[in-house]
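Note: the block below is final.txt and it holds compact mmCIF, C-alpha atoms and all ligand atoms.
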```
# COMPACT_ATOMS: atom_id res chain seq x y z
CA MET D 1 33.51 16.38 39.88
CA GLY D 2 32.97 12.64 40.48
CA VAL D 3 33.08 10.15 37.62
CA ILE D 4 29.74 8.44 36.94
CA PRO D 5 30.47 4.70 36.75
CA ILE D 6 29.37 2.93 33.55
CA PRO D 7 27.20 -0.07 34.48
CA SER D 8 28.62 -3.43 33.40
CA TYR D 9 27.01 -5.48 30.63
CA PHE D 10 25.69 -7.83 33.34
CA ILE D 11 23.87 -4.97 35.08
CA SER D 12 22.57 -3.15 32.00
CA GLU D 13 21.43 -6.33 30.21
CA SER D 14 19.75 -7.74 33.36
CA LEU D 15 17.82 -4.49 33.80
CA ARG D 16 16.98 -4.28 30.06
CA GLN D 17 15.48 -7.77 30.33
CA SER D 18 13.62 -7.27 33.61
CA THR D 19 12.14 -3.82 33.04
CA PHE D 20 10.66 -4.97 29.72
CA TRP D 21 9.61 -8.55 30.47
CA LEU D 22 8.22 -8.07 34.01
CA ARG D 23 5.63 -5.66 32.64
CA ILE D 24 4.83 -8.21 29.91
CA MET D 25 4.48 -10.99 32.55
CA LYS D 26 2.17 -8.79 34.64
CA GLU D 27 -0.07 -8.24 31.61
CA HIS D 28 -0.07 -11.96 30.67
CA LEU D 29 -1.50 -12.76 34.09
CA LEU D 30 -4.20 -10.14 33.61
CA PHE D 31 -5.04 -11.57 30.14
CA ILE D 32 -5.24 -15.11 31.56
CA ARG D 33 -7.56 -13.93 34.35
CA LEU D 34 -9.82 -12.00 31.96
CA GLY D 35 -9.93 -14.94 29.54
CA LEU D 36 -10.91 -17.58 32.13
CA SER D 37 -14.55 -18.51 32.56
CA CYS D 38 -16.12 -16.80 35.61
CA ASP D 39 -16.59 -20.26 37.23
CA GLU D 40 -12.82 -20.69 37.57
CA GLN D 41 -12.39 -18.79 40.82
CA ALA D 42 -9.28 -20.69 42.02
CA LEU D 43 -7.34 -20.12 38.78
CA ARG D 44 -8.48 -16.50 38.62
CA SER D 45 -7.27 -15.73 42.13
CA GLU D 46 -3.91 -17.46 41.48
CA ALA D 47 -3.53 -15.31 38.34
CA GLN D 48 -4.27 -12.21 40.43
CA ARG D 49 -1.76 -13.23 43.11
CA LEU D 50 1.01 -13.73 40.52
CA GLU D 51 0.08 -10.48 38.78
CA ASN D 52 0.57 -8.62 42.09
CA GLU D 53 3.96 -10.32 42.51
CA ALA D 54 4.97 -9.28 38.97
CA ALA D 55 3.96 -5.68 39.75
CA ARG D 56 6.04 -5.69 42.94
CA LEU D 57 9.10 -7.07 41.11
CA LEU D 58 8.67 -4.54 38.30
CA ASP D 59 8.69 -1.69 40.86
CA GLU D 60 11.81 -3.19 42.41
CA ALA D 61 13.54 -3.43 39.00
CA ARG D 62 12.80 0.25 38.33
CA ARG D 63 14.06 1.20 41.79
CA LEU D 64 17.23 -0.85 41.35
CA ALA D 65 17.93 0.86 38.03
CA GLY D 66 18.57 4.06 40.04
CA ALA D 67 21.50 2.61 42.02
CA PRO D 68 22.43 -0.85 40.74
CA SER D 69 25.31 -3.04 41.90
CA GLU D 70 26.45 -6.46 40.63
CA HIS D 71 25.46 -8.12 43.92
CA LYS D 72 22.00 -6.53 44.13
CA ILE D 73 21.25 -7.42 40.50
CA PHE D 74 22.47 -11.01 40.97
CA GLU D 75 20.12 -11.44 43.96
CA PHE D 76 17.25 -9.72 42.14
CA ASN D 77 17.72 -11.95 39.07
CA ARG D 78 17.52 -14.97 41.37
CA SER D 79 14.20 -13.84 42.79
CA VAL D 80 12.84 -13.14 39.28
CA ILE D 81 13.98 -16.59 38.09
CA ALA D 82 12.12 -18.18 41.05
CA PHE D 83 9.04 -16.10 40.23
CA LEU D 84 9.21 -17.14 36.56
CA THR D 85 9.35 -20.80 37.54
CA LYS D 86 5.98 -20.32 39.27
CA VAL D 87 4.58 -18.36 36.31
CA ILE D 88 5.65 -21.08 33.86
CA GLU D 89 4.04 -23.73 36.09
CA PHE D 90 0.83 -21.73 36.26
CA LYS D 91 0.67 -21.13 32.50
CA SER D 92 1.35 -24.86 31.99
CA LEU D 93 -1.50 -25.72 34.36
CA VAL D 94 -3.97 -23.42 32.59
CA LEU D 95 -2.87 -24.73 29.18
CA ARG D 96 -3.26 -28.34 30.32
CA THR D 97 -6.73 -27.79 31.81
CA LEU D 98 -7.77 -26.13 28.54
CA VAL D 99 -6.41 -28.70 26.09
CA CYS D 100 -7.65 -31.59 28.28
CA CYS D 101 -11.12 -29.94 28.38
CA LYS D 102 -11.12 -29.75 32.21
CA VAL D 103 -12.45 -26.18 32.26
CA ARG D 104 -15.15 -24.35 30.38
CA ALA D 105 -13.75 -22.60 27.32
CA GLY D 106 -13.19 -18.93 28.03
CA ALA D 107 -11.40 -16.49 25.75
CA ASN D 108 -7.85 -17.92 26.06
CA PHE D 109 -6.67 -19.78 22.97
CA PRO D 110 -4.41 -22.75 23.82
CA LEU D 111 -1.83 -21.30 21.40
CA LEU D 112 -1.95 -18.03 23.38
CA LEU D 113 -1.10 -19.94 26.58
CA ASP D 114 1.75 -21.73 24.79
CA HIS D 115 2.91 -18.40 23.33
CA ILE D 116 3.03 -16.56 26.65
CA ARG D 117 4.71 -19.54 28.31
CA ARG D 118 7.41 -19.43 25.56
CA GLU D 119 7.93 -15.74 26.39
CA ALA D 120 8.34 -16.59 30.09
CA ILE D 121 10.79 -19.43 29.28
CA HIS D 122 12.76 -17.09 27.00
CA PHE D 123 12.97 -14.43 29.73
CA ARG D 124 14.03 -16.96 32.36
CA ALA D 125 16.70 -18.42 30.04
CA ALA D 126 18.11 -14.91 29.47
CA LEU D 127 18.41 -14.31 33.24
CA VAL D 128 19.89 -17.77 33.90
CA ARG D 129 22.51 -17.17 31.18
CA LEU D 130 23.40 -13.82 32.78
CA ASN D 131 23.56 -15.05 36.38
CA GLU D 132 25.38 -18.29 35.58
CA LYS D 133 27.67 -16.51 33.08
CA ILE D 134 26.87 -19.08 30.35
CA PRO D 135 28.61 -17.90 27.18
CA VAL D 136 26.59 -17.93 23.96
CA GLY D 137 28.32 -17.09 20.68
CA PRO D 138 27.03 -14.16 18.59
CA VAL D 139 25.81 -16.22 15.60
CA GLU D 140 23.99 -18.71 17.86
CA MET D 141 22.47 -15.88 19.90
CA PHE D 142 21.34 -14.00 16.79
CA ILE D 143 19.70 -17.04 15.17
CA GLN D 144 18.02 -18.13 18.42
CA GLU D 145 16.51 -14.67 18.84
CA GLU D 146 15.37 -14.65 15.20
CA VAL D 147 13.64 -18.04 15.56
CA PHE D 148 12.04 -16.99 18.85
CA TRP D 149 10.76 -13.59 17.71
CA LEU D 150 9.66 -14.61 14.22
CA ARG D 151 7.40 -17.27 15.72
CA ILE D 152 6.07 -14.72 18.24
CA MET D 153 5.31 -12.27 15.42
CA ALA D 154 3.56 -14.99 13.38
CA ASP D 155 1.47 -15.92 16.45
CA HIS D 156 0.48 -12.28 17.05
CA SER D 157 -0.72 -12.04 13.44
CA LYS D 158 -2.80 -15.19 13.93
CA PHE D 159 -4.30 -13.90 17.20
CA ILE D 160 -5.21 -10.57 15.60
CA ALA D 161 -6.82 -12.35 12.61
CA HIS D 162 -8.90 -14.53 14.96
CA LEU D 163 -9.93 -11.81 17.41
CA LEU D 164 -11.07 -9.27 14.84
CA ASP D 165 -14.76 -9.33 14.03
CA PRO D 166 -15.23 -11.55 10.94
CA SER D 167 -16.91 -8.58 9.22
CA GLU D 168 -13.57 -6.71 9.23
CA ARG D 169 -12.50 -8.60 6.09
CA GLY D 170 -9.73 -6.24 4.98
CA PHE D 171 -7.93 -6.28 8.34
CA VAL D 172 -8.42 -10.04 8.75
CA ARG D 173 -6.80 -10.56 5.33
CA LEU D 174 -3.89 -8.26 6.21
CA ALA D 175 -3.29 -10.09 9.52
CA THR D 176 -3.44 -13.48 7.76
CA ASP D 177 -0.90 -12.28 5.17
CA PHE D 178 1.46 -11.22 7.98
CA SER D 179 1.06 -14.65 9.57
CA GLY D 180 2.17 -16.38 6.35
CA ARG D 181 5.05 -13.95 5.86
CA PHE D 182 6.42 -14.53 9.39
CA ASP D 183 5.96 -18.33 9.23
CA GLU D 184 8.07 -18.29 6.08
CA LEU D 185 10.74 -16.08 7.65
CA ARG D 186 10.95 -18.42 10.64
CA PHE D 187 11.43 -21.47 8.40
CA HIS D 188 14.25 -19.54 6.72
CA ALA D 189 15.80 -18.77 10.15
CA GLU D 190 15.59 -22.48 11.05
CA ASP D 191 17.45 -23.33 7.83
CA PHE D 192 20.24 -20.94 8.88
CA GLU D 193 20.19 -22.53 12.34
CA THR D 194 21.19 -26.01 11.19
CA MET D 195 23.42 -24.69 8.38
CA LEU D 196 25.52 -22.36 10.54
CA VAL D 197 25.02 -23.50 14.17
CA PRO D 198 24.45 -27.29 14.17
CA GLN D 199 25.09 -27.21 17.96
CA ILE D 200 21.60 -25.76 18.49
CA PHE D 201 20.12 -28.68 16.56
CA GLU D 202 22.13 -31.14 18.63
CA ASN D 203 20.99 -29.40 21.81
CA SER D 204 17.36 -29.81 20.79
CA GLN D 205 17.97 -33.56 20.44
CA LEU D 206 19.29 -33.93 23.98
CA PRO D 207 16.95 -35.11 26.72
CA ASP D 208 18.13 -32.43 29.15
CA ALA D 209 17.88 -29.52 26.77
CA GLY D 210 15.52 -27.70 29.16
CA MET D 211 16.36 -25.81 32.35
CA PRO D 212 18.83 -25.31 33.87
CA PRO D 213 20.70 -24.96 30.57
CA ARG D 214 23.86 -26.81 31.60
CA ARG D 215 25.28 -28.42 28.52
CA PRO D 216 26.95 -31.83 28.83
CA ALA D 217 30.70 -31.95 28.22
CA VAL D 218 30.24 -33.71 24.86
CA PHE D 219 28.00 -30.90 23.61
CA GLY D 220 28.99 -29.72 20.17
CA GLN D 221 32.04 -32.01 19.97
CA GLY D 222 32.99 -32.74 16.38
CA LEU D 223 30.62 -30.10 15.03
CA PRO D 224 32.05 -27.07 13.21
CA GLU D 225 32.18 -23.72 14.99
CA PRO D 226 29.35 -21.32 14.06
CA TYR D 227 30.16 -18.72 11.40
CA ASN D 228 28.45 -15.90 9.58
CA VAL D 229 27.54 -15.61 5.90
CA GLY D 230 26.52 -12.60 3.84
CA SER D 231 23.00 -13.94 3.29
CA LEU D 232 22.40 -14.02 7.06
CA ASP D 233 23.05 -10.28 7.23
CA ARG D 234 20.70 -9.77 4.27
CA PHE D 235 18.13 -11.89 6.12
CA ALA D 236 18.58 -9.74 9.24
CA GLY D 237 17.66 -6.69 7.17
CA GLU D 238 14.59 -8.45 5.75
CA THR D 239 13.32 -9.51 9.18
CA ILE D 240 13.79 -6.00 10.60
CA ALA D 241 11.85 -4.56 7.64
CA ALA D 242 9.04 -7.14 7.98
CA THR D 243 8.79 -6.56 11.74
CA ALA D 244 8.65 -2.79 11.18
CA ASP D 245 5.71 -3.34 8.76
CA LEU D 246 3.92 -5.49 11.35
CA ARG D 247 4.68 -2.93 14.07
CA ASP D 248 3.02 -0.20 11.94
CA PHE D 249 -0.02 -2.44 11.36
CA LYS D 250 -0.28 -3.11 15.10
CA ARG D 251 -0.01 0.59 15.86
CA THR D 252 -2.84 1.35 13.45
CA ALA D 253 -4.91 -1.45 15.03
CA ARG D 254 -4.19 -0.16 18.54
CA ASP D 255 -5.16 3.41 17.60
CA LEU D 256 -8.38 2.25 15.90
CA LEU D 257 -9.28 0.16 18.96
CA VAL D 258 -8.69 3.09 21.29
CA ALA D 259 -10.83 5.32 19.04
CA CYS D 260 -13.54 2.61 18.89
CA ARG D 261 -13.29 2.49 15.09
CA VAL D 262 -12.84 -1.26 14.52
CA LEU D 263 -14.97 -4.25 15.49
CA SER D 264 -13.13 -6.92 17.49
CA ILE D 265 -12.81 -8.62 20.85
CA ILE D 266 -9.23 -7.31 21.26
CA ASP D 267 -8.54 -5.40 24.48
CA PRO D 268 -6.61 -2.18 23.64
CA LEU D 269 -4.04 -3.21 26.28
CA LEU D 270 -3.42 -6.46 24.35
CA ALA D 271 -2.97 -4.43 21.15
CA ASP D 272 -0.46 -2.19 22.93
CA HIS D 273 1.27 -5.26 24.42
CA VAL D 274 1.90 -6.88 21.02
CA LEU D 275 3.01 -3.51 19.61
CA ARG D 276 5.64 -3.21 22.39
CA GLU D 277 6.82 -6.75 21.65
CA ALA D 278 7.33 -5.87 17.95
CA GLU D 279 9.37 -2.81 19.00
CA ARG D 280 11.42 -5.02 21.31
CA ALA D 281 12.00 -7.61 18.55
CA ILE D 282 13.41 -4.87 16.29
CA GLU D 283 15.63 -3.64 19.15
CA ASP D 284 16.94 -7.18 19.82
CA PHE D 285 17.54 -7.90 16.11
CA THR D 286 19.40 -4.61 15.71
CA ILE D 287 21.62 -5.11 18.79
CA LEU D 288 22.50 -8.72 17.89
CA ARG D 289 23.05 -8.00 14.19
CA ARG D 290 25.77 -5.51 15.19
CA CYS D 291 27.52 -8.25 17.21
CA LEU D 292 27.77 -10.69 14.28
CA PRO D 293 31.32 -11.46 13.11
CA ALA D 294 32.33 -10.54 9.56
CA PRO D 295 30.78 -12.93 7.03
CA CYS D 296 33.04 -15.60 5.54
CA GLY D 297 34.84 -14.64 2.36
CA ALA D 298 33.69 -13.12 -0.87
CA ARG D 299 33.39 -14.66 -4.29
CA PRO D 300 36.17 -13.78 -6.74
CA PRO D 301 35.02 -11.38 -9.48
CA VAL D 302 33.27 -13.07 -12.41
CA ASP D 303 35.38 -13.10 -15.59
CA PRO D 304 33.78 -11.08 -18.36
FE FE X 401 3.40 -11.24 25.55
FE FE X 402 3.59 -12.09 22.51
```
structure tokens encoding of this file:
Amino acid sequence: MGVIPIPSYFISESLRQSTFWLRIMKEHLLFIRLGLSCDEQALRSEAQRLENEAARLLDEARRLAGAPSEHKIFEFNRSVIAFLTKVIEFKSLVLRTLVCCKVRAGANFPLLLDHIRREAIHFRAALVRLNEKIPVGPVEMFIQEEVFWLRIMADHSKFIAHLLDPSERGFVRLATDFSGRFDELRFHAEDFETMLVPQIFENSQLPDAGMPPRRPAVFGQGLPEPYNVGSLDRFAGETIAATADLRDFKRTARDLLVACRVLSIIDPLLADHVLREAERAIEDFTILRRCLPAPCGARPPVDP
């Protein structure tokens, strides 16, 4: 009997990223198209064209998962990175036309455009790191993912609060409470960021901190190496619990929308989309928490 080869981290992580995020990108392009005013034919057809491209790449990712190889995945990642560059440009264009009042207001909030562009940038950065073999330490990776996802979860809560019918007071209040809870958690994650990984803060101060993420040779020089503390692990538990609460709220909202038992202008697909992102956030937090090094020291016992 032949031995089934275990896919490398490069292969399994590339496919984990692409099979999840390409579906998300496809849906973003649908949401943009549905949210544009009907006068905006050129932007609507560009959204449709990119949506078709996302669907094609998603099919290819699923096909590749059946018989992957390092070379095929490397080439596929390259084509997805090129696609994401176009998607990010398009989202930037739509955002700019909206905030500069060049188009009639539709149903796309500017913060939604910024939010879905952040998701595209995050996905592209993950693929660039994999293809270029850019090492990222476990504490840095964990905190970056926390800051990214906690902001995404806070944004979702805000979108839900604003898209529910104002008469749905109880649900609007619940969504607003989640927004405050996740804003606070993100501020906490940002405190950990500068406390434990000052390199990230330095990177954000550099003019070339964008893409491609090549760090200059002086990057991080003279700054202490990242390390883990017990309170970061406690924080990881708190964020997983909060995200699980929000996931349950989103699931209830999605089910009520499908059953036509709540008043809102939320498409059930959007409700399902944000639910899947909460599930993914929990998955990412859980994977990265396991990779954290042991926390530094323990306090000596207190004398009685
Ligand atoms: Fe999304
Ligand atoms: Fe999102």
| Would you name the residues within 8 Å of ligand FE 402 (chain X), counting all atoms listed in the file, and put them as a PyMOL selection string? | chain D and resi 115-116+119+152-153+155-156+273-274+277
Go ahead and save the residues from that selection, with C-alpha atoms, as a PDB file, in the coordinates of the input.
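Writing the result to part-v1.pdb gives the following:
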```pdb
ATOM      1  CA  HIS D 115       2.910 -18.400  23.330  1.00  0.00           C
ATOM      2  CA  ILE D 116       3.030 -16.560  26.650  1.00  0.00           C
ATOM      3  CA  GLU D 119       7.930 -15.740  26.390  1.00  0.00           C
ATOM      4  CA  ILE D 152       6.070 -14.720  18.240  1.00  0.00           C
ATOM      5  CA  MET D 153       5.310 -12.270  15.420  1.00  0.00           C
ATOM      6  CA  ASP D 155       1.470 -15.920  16.450  1.00  0.00           C
ATOM      7  CA  HIS D 156       0.480 -12.280  17.050  1.00  0.00           C
ATOM      8  CA  HIS D 273       1.270  -5.260  24.420  1.00  0.00           C
ATOM      9  CA  VAL D 274       1.900  -6.880  21.020  1.00  0.00           C
ATOM     10  CA  GLU D 277       6.820  -6.750  21.650  1.00  0.00           C
TER      11      GLU D 277
END
```
| field | Counting all atoms listed in the file, the residue of D:Tyr9, D:Trp149, D:Phe74, D:Tyr227 that sits nearest ligand FE 401 (chain X) | value | D:Trp149
| task | Dump the neighbourhood of ligand FE 401 (chain X) as a ChimeraX atom specification: all residues within 12 Å, distances computed on only C-alpha atoms and all ligand atoms. | result | /D:20-32,112-123,149,152-153,155-156,159,269-278,280-281
At a cut-off of 8 Å, using all atoms listed in the file, what residues contact Phe285 in chain D? Leave out same-chain residues fewer than 5 positions from it and give the result as a PDB file with C-alpha atoms, in the coordinates of the input.
```pdb
ATOM      1  CA  PHE D 142      21.340 -14.000  16.790  1.00  0.00           C
ATOM      2  CA  GLU D 145      16.510 -14.670  18.840  1.00  0.00           C
ATOM      3  CA  GLU D 146      15.370 -14.650  15.200  1.00  0.00           C
ATOM      4  CA  ALA D 236      18.580  -9.740   9.240  1.00  0.00           C
ATOM      5  CA  ILE D 240      13.790  -6.000  10.600  1.00  0.00           C
TER       6      ILE D 240
END
```
| query | For the atom pair CA of Phe76 in chain D and CA of Leu288 in chain D, what is the interatomic distance in Å to one decimal place? | reply |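 Separating CA of Phe76 in chain D from CA of Leu288 in chain D is a distance of 24.8 Å.
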| query | Pick from D:Met195, D:Gln205, D:Lys250, D:Glu225: nearest to Phe178 in chain D, with only C-alpha atoms counted? | reply | D:Lys250
| said: Using all atoms listed in the file for the distances, tell me which of D:Gly237, D:Pro293, D:Pro68, D:Gly106 is nearest to Ser12 in chain D. | reply: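 Closest residue, counting all atoms listed in the file: D:Pro68.
One distance worth recording is that between CA of Arg254 in chain D and CA of Thr239 in chain D, which is 21.9 Å.
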